[in-house]
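Chemist: Below is the structure I would like to discuss, written out as structure tokens.
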Amino acid sequence: MQTLMSEKSEIRIGLETHVQLTNLKTKLFCDCSTDYRGKTPNTHTCPVCLGLPGTLPVLNGKAVEDAVMVALALNSKIQEQTLFFRKNYFYPDMPKNYQISQYDKAGGVPIAIGGFVTTQVNHHEKIVRIRRIQLEEDPAKLVHLGPIDISPYTLIDYNRAGISLLEIVTEPDISSPKEARLYLQKLQSILEHLGVSNSRAEGSMRCDANISMAGGNRVEVKNISSFKEVERALNFEIMRQKNLILKDLEVKMETRHWDEARRVTISLRTKESEEDYRYFPEPNLPPITLTEEYLNNVRKMMPELPDSRKRRLIRQCGLPHYNATVITSSKYFADFFEETMKFHRDPKKVSNWMMTDLLKTLHNQNVELEDSKITPRKLAEMIHLIDDGVISGKIAKKLLPQIVETGQSPREIVKRYDLTRITAREEIKELVEEVFSKNEKAVQDTLKDDNAVNYLVGQLMRLSSGRVDPLIANQIIRECLKEIK
Ligand SMILES: [Zn+2]
């Protein structure tokens with residue numbers, strides 16, 4: 001079922017996502033290296049990205065190719081001819097005093113308009129419409145000492161200035177912070193599959209959000225530095241606006257800054273209107289013309305995207321729809337699944353372990369799958385140990401955090417800590433006798449109350465650290481009780 005934004009919905013959120021094209025070797029308009037992370041500040045610069053007088057920009061063709069791929073993946077309409085515009089503003093992060101960007105008014109045409117992203121919200125399909133996609137240069141990075149509003153000085157690193165950036169703007173179709181997270185997760189998975197942007201690189205995906213409530217003024221929240229912060233920032237801003245509305249106060253139209261450390265939004269300035277930027281066409285760059293032949297060539301290079309991968313997994317492996325959605329929510333997760341399938345051919349078992357216990361373990365250890373020590377081969381090995389009756393599912397649940405943390409082989413851990421299932425009757429009987437001697441009252445109770453047997457089974461499971469099958473435990477305990485009587 002498809003649900004578009006309901007008219008009655010109180011909260012309207014639109015997102016502007018800035019995505020760095022991290023697969024490019026050089027910046028958008030010069031030959032400076034894009035590999036700036038962890039490098040000495042202001043060493044990846046040249047007269048062009050420093051905006052020195054007399055320098056001329058030369059467009060990086062690969063950036064256009066990336067932008068076209070993203071536009072195709074987001075079902076957007078690519079424009080035959082597109083222009084760069086100057087967005088004028090006076091701020092040290094852009095030494096030219098303008099940013100070379102694109103504009104969708106005054107004769108400006110961004111590289112693509114329209115499109116949509118489908119997400120899965122509570123088992124319903126939700127469509128978030130895309131307004132436009134534009135190509136622009138990243139400004140320099142400003143580093144503040146502590147919070148922005150009380151920092152005594154600001155440091156500037158121009159290594160980031162001129163990096164290729166895609167701005168992906170949605171219509172205000174998002175109606176909750178959770179939906180925003182799901183949209184961004186899907187967008188991220190699409191970009192990962194295209195291979196154009198590595199979301200794990202610091203600052204490679206940033207967000208600005210527009211939020212309005214009950215038809216009131218729009219507030220723009222800037223500087224949300226990672227997707228993880230988006231839900232937090234939106235939750236705070238919605239609460240702030242709700243409180244104002246409750247007190248009958250006006251929600252001012254303004255730009256606010258998300259302070260990650262204090263987890264609040266703070267007012268920076270009342271919002272500039274678009275006229276303040278005095279947009280006009282960039283005279284030093286010719287229009288880009290994208291022919292049908294060019295687009296066809298890019299179409300041929302398109303890799304498999306999350307939605308078609310999901311359909312393939314459902315078709316090929318018979319994965320339930322929900323499992324396939326979760327598995328393809330990240331490229332690395334889906335790759336891990338398909339790799340594990342090479343060592344264990346039960347898609348349902350593999351996906352269930354990944355979606356429940358593996359995700360939970362990663363969350364508890366606060367680590368990403370990519371950084372953890374578990375490999376597809378090790379996960380498959382663990383599931384095989386359960387299949388072969390060597391360990392119980394319960395033991396496997398205890399084993400998993402250890403594999404994720406240390407990368408040890410499941411078989412070795414089982415051997416070292418003797419976690420194999422106890423199947424020998426004599427051995428189980430010995431354990432039962434020990435349970436009986438420690439729980440004489442419960443043994444007496446079984447004469448009147450059958451529930452007491454369950455208590456004894458529980459004690460046996462505890463004593464054996466879950467290494468006895470509960471059904472067999474129940475059976476043997478009943479046999480032993482009969483002998484006593
Ligand atoms: Zn440069």
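Each chain in the structure tokens gets a letter, A, B and so on, in the order shown; residues start at 1 in every chain, and ligands are counted from 1 in the order they appear.
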Check every protein, DNA and RNA residue against ligand 1, keep those with an atom at most 9 Å away (counting only C-alpha atoms and all ligand atoms), and present them as a VMD selection string.
Modeler: chain A and resid 26 to 33 44 to 51 159 161 to 163
Chemist: Residues as selected, all heavy atoms, written as a CSV table (one decimal), in the first residue's frame, can you do that?
Modeler:
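New file part09.csv:
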```
chain,number,residue,atom,x,y,z
A,26,THR,N,39.6,13.6,-7.5
A,26,THR,CA,39.9,15.1,-7.4
A,26,THR,C,38.7,15.9,-7.1
A,26,THR,O,37.6,15.4,-7.3
A,26,THR,CB,40.5,15.5,-8.8
A,26,THR,OG1,39.6,15.2,-9.8
A,26,THR,CG2,41.9,14.9,-9.1
A,27,LYS,N,38.9,17.1,-6.8
A,27,LYS,CA,37.8,18.0,-6.4
A,27,LYS,C,36.9,18.4,-7.7
A,27,LYS,O,37.2,18.0,-8.8
A,27,LYS,CB,38.3,19.3,-5.8
A,27,LYS,CG,39.0,19.0,-4.4
A,27,LYS,CD,39.4,20.4,-3.7
A,27,LYS,CE,40.0,20.1,-2.4
A,27,LYS,NZ,40.4,21.3,-1.7
A,28,LEU,N,35.8,19.1,-7.4
A,28,LEU,CA,34.9,19.4,-8.5
A,28,LEU,C,35.4,20.3,-9.6
A,28,LEU,O,35.1,20.1,-10.8
A,28,LEU,CB,33.6,20.0,-7.9
A,28,LEU,CG,32.4,20.2,-8.8
A,28,LEU,CD1,32.0,18.9,-9.5
A,28,LEU,CD2,31.2,20.8,-8.0
A,29,PHE,N,36.2,21.3,-9.2
A,29,PHE,CA,36.7,22.2,-10.2
A,29,PHE,C,38.2,22.4,-10.3
A,29,PHE,O,38.7,23.3,-11.0
A,29,PHE,CB,36.1,23.6,-10.0
A,29,PHE,CG,34.6,23.6,-10.1
A,29,PHE,CD1,33.8,23.9,-8.9
A,29,PHE,CD2,33.9,23.3,-11.2
A,29,PHE,CE1,32.4,23.9,-9.0
A,29,PHE,CE2,32.5,23.3,-11.3
A,29,PHE,CZ,31.8,23.6,-10.2
A,30,CYS,N,39.0,21.5,-9.6
A,30,CYS,CA,40.4,21.6,-9.7
A,30,CYS,C,41.0,20.2,-9.5
A,30,CYS,O,40.2,19.2,-9.2
A,30,CYS,CB,41.0,22.5,-8.7
A,30,CYS,SG,40.6,22.1,-7.0
A,31,ASP,N,42.3,20.0,-9.6
A,31,ASP,CA,42.9,18.7,-9.5
A,31,ASP,C,43.4,18.3,-8.1
A,31,ASP,O,44.1,17.4,-7.9
A,31,ASP,CB,44.1,18.7,-10.4
A,31,ASP,CG,43.7,18.5,-11.9
A,31,ASP,OD1,42.6,18.0,-12.1
A,31,ASP,OD2,44.4,18.8,-12.8
A,32,CYS,N,43.0,19.1,-7.1
A,32,CYS,CA,43.4,18.8,-5.7
A,32,CYS,C,42.8,17.5,-5.3
A,32,CYS,O,41.7,17.1,-5.6
A,32,CYS,CB,42.9,19.9,-4.7
A,32,CYS,SG,43.8,21.4,-4.9
A,33,SER,N,43.6,16.7,-4.5
A,33,SER,CA,43.2,15.4,-4.0
A,33,SER,C,42.0,15.5,-3.1
A,33,SER,O,42.0,16.4,-2.2
A,33,SER,CB,44.4,14.7,-3.4
A,33,SER,OG,43.9,13.6,-2.6
A,44,HIS,N,45.7,20.5,1.0
A,44,HIS,CA,45.1,20.0,-0.2
A,44,HIS,C,44.4,21.2,-0.9
A,44,HIS,O,43.2,21.2,-1.1
A,44,HIS,CB,44.1,18.9,0.0
A,44,HIS,CG,44.7,17.6,0.4
A,44,HIS,ND1,44.3,16.4,0.0
A,44,HIS,CD2,45.8,17.4,1.2
A,44,HIS,CE1,45.1,15.4,0.5
A,44,HIS,NE2,46.0,16.0,1.2
A,45,THR,N,45.2,22.2,-1.3
A,45,THR,CA,44.5,23.4,-1.8
A,45,THR,C,45.4,23.9,-3.0
A,45,THR,O,46.5,23.5,-3.2
A,45,THR,CB,44.5,24.6,-0.8
A,45,THR,OG1,45.9,24.8,-0.4
A,45,THR,CG2,43.7,24.2,0.4
A,46,CYS,N,44.7,24.7,-3.8
A,46,CYS,CA,45.4,25.3,-5.0
A,46,CYS,C,44.7,26.7,-5.2
A,46,CYS,O,43.7,27.0,-4.6
A,46,CYS,CB,45.3,24.4,-6.2
A,46,CYS,SG,43.7,24.4,-6.9
A,47,PRO,N,45.2,27.5,-6.1
A,47,PRO,CA,44.6,28.8,-6.4
A,47,PRO,C,43.1,28.7,-6.7
A,47,PRO,O,42.3,29.6,-6.3
A,47,PRO,CB,45.4,29.4,-7.5
A,47,PRO,CG,46.8,28.7,-7.4
A,47,PRO,CD,46.5,27.3,-6.9
A,48,VAL,N,42.7,27.6,-7.4
A,48,VAL,CA,41.3,27.5,-7.8
A,48,VAL,C,40.4,27.3,-6.5
A,48,VAL,O,39.4,28.1,-6.3
A,48,VAL,CB,41.0,26.4,-8.8
A,48,VAL,CG1,39.5,26.2,-9.0
A,48,VAL,CG2,41.8,26.6,-10.1
A,49,CYS,N,40.7,26.3,-5.7
A,49,CYS,CA,39.8,26.1,-4.5
A,49,CYS,C,40.0,27.1,-3.4
A,49,CYS,O,39.2,27.2,-2.5
A,49,CYS,CB,39.8,24.6,-4.1
A,49,CYS,SG,41.5,24.0,-3.7
A,50,LEU,N,41.1,27.9,-3.5
A,50,LEU,CA,41.3,29.0,-2.5
A,50,LEU,C,40.6,30.2,-3.1
A,50,LEU,O,40.6,31.3,-2.4
A,50,LEU,CB,42.7,29.2,-2.3
A,50,LEU,CG,43.4,28.2,-1.4
A,50,LEU,CD1,44.9,28.5,-1.2
A,50,LEU,CD2,42.8,28.1,0.0
A,51,GLY,N,40.1,30.2,-4.3
A,51,GLY,CA,39.4,31.3,-4.9
A,51,GLY,C,40.2,32.5,-5.2
A,51,GLY,O,39.8,33.7,-5.0
A,159,ASN,N,40.9,22.3,3.0
A,159,ASN,CA,41.1,21.0,2.3
A,159,ASN,C,39.7,20.5,1.8
A,159,ASN,O,39.7,19.8,0.8
A,159,ASN,CB,41.7,19.9,3.3
A,159,ASN,CG,43.1,20.1,3.5
A,159,ASN,OD1,43.8,20.9,2.9
A,159,ASN,ND2,43.7,19.3,4.4
A,161,ALA,N,37.2,22.5,0.9
A,161,ALA,CA,36.6,23.4,-0.1
A,161,ALA,C,36.8,22.9,-1.5
A,161,ALA,O,37.9,22.6,-1.9
A,161,ALA,CB,37.3,24.8,0.1
A,162,GLY,N,35.7,22.8,-2.2
A,162,GLY,CA,35.7,22.3,-3.6
A,162,GLY,C,35.5,20.9,-3.8
A,162,GLY,O,35.5,20.4,-4.9
A,163,ILE,N,35.3,20.1,-2.7
A,163,ILE,CA,34.9,18.7,-2.9
A,163,ILE,C,33.5,18.6,-3.5
A,163,ILE,O,32.7,19.4,-3.2
A,163,ILE,CB,34.9,18.0,-1.5
A,163,ILE,CG1,36.3,18.0,-0.8
A,163,ILE,CG2,34.3,16.6,-1.5
A,163,ILE,CD1,37.2,16.9,-1.3
```
Chemist: Can you list, as a PyMOL selection string, every protein, DNA or RNA residue that comes within 9 Å of region 120-131 of chain A when you count only C-alpha atoms, leaving out same-chain residues fewer than 2 positions away?
Modeler: chain A and resi 1-5+74-76+112-118+133+168-174+178-179+182-183+322+325
Chemist: When DSSP works through the backbone of this structure, what residues of region 35-262 of chain A end up as strand (DSSP E or B), shown as a ChimeraX atom specification?
Modeler: /A:77-78,81-82,85-88,98-101,112-113,116-121,124-137,141-144,154-157,164-170,174,205-213,219-224,254-259
Chemist: Would you save the residues of that selection, restricted to C-alpha atoms, as a PDB file, in the first residue's frame?
Modeler:
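Below is the file that was written, out-v6.pdb:
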```pdb
ATOM      1  CA  LYS A  77      14.172  13.509 -14.556  1.00  0.00           C
ATOM      2  CA  ILE A  78      17.605  14.439 -15.835  1.00  0.00           C
ATOM      3  CA  GLN A  81      20.950  21.140 -20.409  1.00  0.00           C
ATOM      4  CA  THR A  82      22.016  22.292 -16.999  1.00  0.00           C
ATOM      5  CA  PHE A  85      24.948  29.415 -10.711  1.00  0.00           C
ATOM      6  CA  ARG A  86      26.794  31.558  -8.227  1.00  0.00           C
ATOM      7  CA  LYS A  87      25.304  31.637  -4.751  1.00  0.00           C
ATOM      8  CA  ASN A  88      26.726  34.806  -3.224  1.00  0.00           C
ATOM      9  CA  TYR A  98      30.269  32.725  -3.622  1.00  0.00           C
ATOM     10  CA  GLN A  99      29.637  29.032  -3.953  1.00  0.00           C
ATOM     11  CA  ILE A 100      29.354  27.467  -7.392  1.00  0.00           C
ATOM     12  CA  SER A 101      26.056  25.661  -7.134  1.00  0.00           C
ATOM     13  CA  ALA A 112      17.718  16.602 -12.141  1.00  0.00           C
ATOM     14  CA  ILE A 113      14.259  17.380 -10.840  1.00  0.00           C
ATOM     15  CA  PHE A 116      11.045   9.578  -5.330  1.00  0.00           C
ATOM     16  CA  VAL A 117      12.392   7.158  -2.737  1.00  0.00           C
ATOM     17  CA  THR A 118      10.242   4.375  -1.314  1.00  0.00           C
ATOM     18  CA  THR A 119      10.669   3.337   2.280  1.00  0.00           C
ATOM     19  CA  GLN A 120       9.091   0.748   4.483  1.00  0.00           C
ATOM     20  CA  VAL A 121       7.298   2.318   7.462  1.00  0.00           C
ATOM     21  CA  HIS A 124       3.570   0.017   4.703  1.00  0.00           C
ATOM     22  CA  GLU A 125       5.301   1.469   1.707  1.00  0.00           C
ATOM     23  CA  LYS A 126       5.842   5.188   2.041  1.00  0.00           C
ATOM     24  CA  ILE A 127       6.895   7.441  -0.800  1.00  0.00           C
ATOM     25  CA  VAL A 128       9.073  10.479  -0.213  1.00  0.00           C
ATOM     26  CA  ARG A 129       9.147  12.728  -3.253  1.00  0.00           C
ATOM     27  CA  ILE A 130      12.401  14.297  -4.409  1.00  0.00           C
ATOM     28  CA  ARG A 131      12.234  17.940  -5.424  1.00  0.00           C
ATOM     29  CA  ARG A 132      15.634  18.337  -7.032  1.00  0.00           C
ATOM     30  CA  ILE A 133      19.199  17.077  -7.177  1.00  0.00           C
ATOM     31  CA  GLN A 134      22.004  19.536  -7.702  1.00  0.00           C
ATOM     32  CA  LEU A 135      25.754  19.465  -7.993  1.00  0.00           C
ATOM     33  CA  GLU A 136      27.840  21.971  -6.053  1.00  0.00           C
ATOM     34  CA  GLU A 137      31.150  22.495  -4.288  1.00  0.00           C
ATOM     35  CA  LYS A 141      35.373  23.108   7.192  1.00  0.00           C
ATOM     36  CA  LEU A 142      35.004  25.427  10.167  1.00  0.00           C
ATOM     37  CA  VAL A 143      36.292  24.169  13.483  1.00  0.00           C
ATOM     38  CA  HIS A 144      34.985  25.815  16.634  1.00  0.00           C
ATOM     39  CA  THR A 154      37.164  29.646  14.518  1.00  0.00           C
ATOM     40  CA  LEU A 155      39.709  27.602  12.570  1.00  0.00           C
ATOM     41  CA  ILE A 156      39.270  27.006   8.845  1.00  0.00           C
ATOM     42  CA  ASP A 157      40.434  24.030   6.824  1.00  0.00           C
ATOM     43  CA  SER A 164      32.054  17.498  -5.096  1.00  0.00           C
ATOM     44  CA  LEU A 165      28.755  17.598  -3.292  1.00  0.00           C
ATOM     45  CA  LEU A 166      25.308  16.439  -4.324  1.00  0.00           C
ATOM     46  CA  GLU A 167      22.405  18.186  -2.713  1.00  0.00           C
ATOM     47  CA  ILE A 168      19.321  15.986  -2.633  1.00  0.00           C
ATOM     48  CA  VAL A 169      16.201  17.900  -1.624  1.00  0.00           C
ATOM     49  CA  THR A 170      12.919  16.222  -0.701  1.00  0.00           C
ATOM     50  CA  ILE A 174       8.183  13.188   5.934  1.00  0.00           C
ATOM     51  CA  MET A 205      26.704  12.878   4.470  1.00  0.00           C
ATOM     52  CA  ARG A 206      25.209  15.883   6.205  1.00  0.00           C
ATOM     53  CA  CYS A 207      21.696  17.106   6.561  1.00  0.00           C
ATOM     54  CA  ASP A 208      19.655  20.268   6.877  1.00  0.00           C
ATOM     55  CA  ALA A 209      16.028  19.845   7.850  1.00  0.00           C
ATOM     56  CA  ASN A 210      12.978  22.042   7.384  1.00  0.00           C
ATOM     57  CA  ILE A 211      10.335  21.509  10.011  1.00  0.00           C
ATOM     58  CA  SER A 212       6.930  23.104  10.322  1.00  0.00           C
ATOM     59  CA  MET A 213       4.013  22.183  12.521  1.00  0.00           C
ATOM     60  CA  VAL A 219      12.339  26.417  10.775  1.00  0.00           C
ATOM     61  CA  GLU A 220      15.536  25.275   9.147  1.00  0.00           C
ATOM     62  CA  VAL A 221      17.915  23.216  11.272  1.00  0.00           C
ATOM     63  CA  LYS A 222      21.447  23.220   9.916  1.00  0.00           C
ATOM     64  CA  ASN A 223      24.633  21.378  10.690  1.00  0.00           C
ATOM     65  CA  ILE A 224      23.320  17.906  11.362  1.00  0.00           C
ATOM     66  CA  GLU A 254      14.603  31.167  11.317  1.00  0.00           C
ATOM     67  CA  THR A 255      17.721  29.112  10.862  1.00  0.00           C
ATOM     68  CA  ARG A 256      18.856  27.130  13.853  1.00  0.00           C
ATOM     69  CA  HIS A 257      22.055  25.226  14.469  1.00  0.00           C
ATOM     70  CA  TRP A 258      22.116  21.687  15.854  1.00  0.00           C
ATOM     71  CA  ASP A 259      24.550  21.530  18.757  1.00  0.00           C
TER      72      ASP A 259
END
```
Chemist: As a PyMOL selection string, please: all residues of region 25-154 of chain A that backbone DSSP puts in helix (DSSP H, G or I).
Modeler: chain A and resi 61-73
Chemist: Skipping near chain neighbours, those fewer than 5 positions away, what residues fall within 10 Å of Pro306 (chain A) using only C-alpha atoms, listed as a list in words?
Modeler: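 So the residues in contact are Ala73, Lys186, Leu187, Ser189, Ile190, Leu191, Glu192, His193, Leu194, Arg311, Arg312, Ala324, Thr325, Ile327, Thr328, Ser329, Ser330, Lys331 and Ala334 of chain A.
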Chemist: Could you name the residues that touch region 460-472 of chain A at 9 Å or less, counting only C-alpha atoms, but leaving out those on the same chain fewer than 3 positions away, as a PyMOL selection string?
Modeler: chain A and resi 391-392+394-395+419-423+428+431-432+434-435+455-457+475-477
Chemist: Would you mind exporting C-alpha atoms of the selected residues as a PDB file, in the first residue's frame?
Modeler:
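Listing of again36.pdb after writing:
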```
ATOM      1  CA  ILE A 391      25.294 -26.776  20.613  1.00  0.00           C
ATOM      2  CA  SER A 392      21.834 -25.543  21.491  1.00  0.00           C
ATOM      3  CA  LYS A 394      20.549 -20.951  23.571  1.00  0.00           C
ATOM      4  CA  ILE A 395      24.308 -21.560  23.724  1.00  0.00           C
ATOM      5  CA  LEU A 419      29.767 -25.884  25.518  1.00  0.00           C
ATOM      6  CA  THR A 420      28.658 -28.951  23.589  1.00  0.00           C
ATOM      7  CA  ARG A 421      25.221 -30.274  24.345  1.00  0.00           C
ATOM      8  CA  ILE A 422      25.014 -32.973  26.976  1.00  0.00           C
ATOM      9  CA  THR A 423      23.234 -35.893  25.409  1.00  0.00           C
ATOM     10  CA  ILE A 428      22.126 -35.949  32.681  1.00  0.00           C
ATOM     11  CA  LEU A 431      22.975 -33.609  37.131  1.00  0.00           C
ATOM     12  CA  VAL A 432      19.351 -34.399  38.036  1.00  0.00           C
ATOM     13  CA  GLU A 434      22.428 -32.921  42.147  1.00  0.00           C
ATOM     14  CA  VAL A 435      19.370 -30.731  41.434  1.00  0.00           C
ATOM     15  CA  TYR A 455      10.980 -25.394  38.412  1.00  0.00           C
ATOM     16  CA  LEU A 456      13.293 -28.418  38.634  1.00  0.00           C
ATOM     17  CA  VAL A 457      13.781 -28.379  34.841  1.00  0.00           C
ATOM     18  CA  GLN A 475      11.596 -36.464  30.454  1.00  0.00           C
ATOM     19  CA  ILE A 476      14.499 -37.631  32.626  1.00  0.00           C
ATOM     20  CA  ILE A 477      13.385 -35.592  35.639  1.00  0.00           C
TER      21      ILE A 477
END
```
Chemist: Please compute the CA of Thr17 (chain A)-CA of Met355 (chain A) distance, one decimal, in Å.
Modeler: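 Spanning CA of Thr17 (chain A) to CA of Met355 (chain A) is a straight-line distance of 27.4 Å.
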Chemist: One decimal, in Å: what's the spacing between CA of Lys438 (chain A) and CA of Val414 (chain A)?
Modeler: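 Separating CA of Lys438 (chain A) from CA of Val414 (chain A) is a distance of 28.1 Å.
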Chemist: Residues near Met341 (chain A), anyone? I mean within 10 Å using only C-alpha atoms, not counting same-chain ones fewer than 5 positions away, as a compact mmCIF listing (two decimals) with N, CA, C and O atoms, in the first residue's frame.
Modeler:
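Printed below is selection33.txt as written:
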```txt
# COMPACT_ATOMS: atom_id res chain seq x y z
N CYS A 317 15.89 -16.83 -3.14
CA CYS A 317 16.05 -17.58 -1.89
C CYS A 317 14.73 -17.78 -1.17
O CYS A 317 14.71 -18.37 -0.10
N ASP A 335 25.61 -7.74 1.44
CA ASP A 335 26.79 -8.48 0.98
C ASP A 335 27.13 -9.60 1.97
O ASP A 335 27.46 -10.71 1.59
N PHE A 336 27.06 -9.25 3.26
CA PHE A 336 27.39 -10.22 4.32
C PHE A 336 26.43 -11.40 4.23
O PHE A 336 26.83 -12.57 4.33
N ASP A 346 20.76 -22.08 4.04
CA ASP A 346 19.39 -21.86 4.52
C ASP A 346 19.14 -20.36 4.71
O ASP A 346 19.50 -19.78 5.73
N PRO A 347 18.54 -19.70 3.70
CA PRO A 347 18.39 -18.23 3.74
C PRO A 347 17.58 -17.75 4.94
O PRO A 347 17.86 -16.69 5.49
N LYS A 349 17.26 -19.19 7.99
CA LYS A 349 18.05 -19.27 9.22
C LYS A 349 19.09 -18.16 9.25
O LYS A 349 19.24 -17.46 10.25
N VAL A 350 19.81 -18.00 8.13
CA VAL A 350 20.88 -17.00 8.09
C VAL A 350 20.30 -15.60 8.32
O VAL A 350 20.79 -14.83 9.15
N SER A 351 19.20 -15.28 7.61
CA SER A 351 18.64 -13.92 7.74
C SER A 351 18.09 -13.71 9.15
O SER A 351 18.23 -12.63 9.71
N PRO A 376 31.31 -13.85 7.48
CA PRO A 376 30.26 -14.73 6.99
C PRO A 376 30.56 -16.20 7.29
O PRO A 376 29.69 -16.96 7.69
N ARG A 377 31.82 -16.60 7.13
CA ARG A 377 32.20 -17.99 7.36
C ARG A 377 31.94 -18.39 8.81
O ARG A 377 31.47 -19.49 9.09
N LEU A 379 29.79 -16.99 10.98
CA LEU A 379 28.36 -17.05 11.28
C LEU A 379 27.79 -18.38 10.77
O LEU A 379 27.04 -19.07 11.47
N ALA A 380 28.19 -18.76 9.54
CA ALA A 380 27.71 -20.00 8.96
C ALA A 380 28.15 -21.19 9.83
O ALA A 380 27.37 -22.10 10.09
```
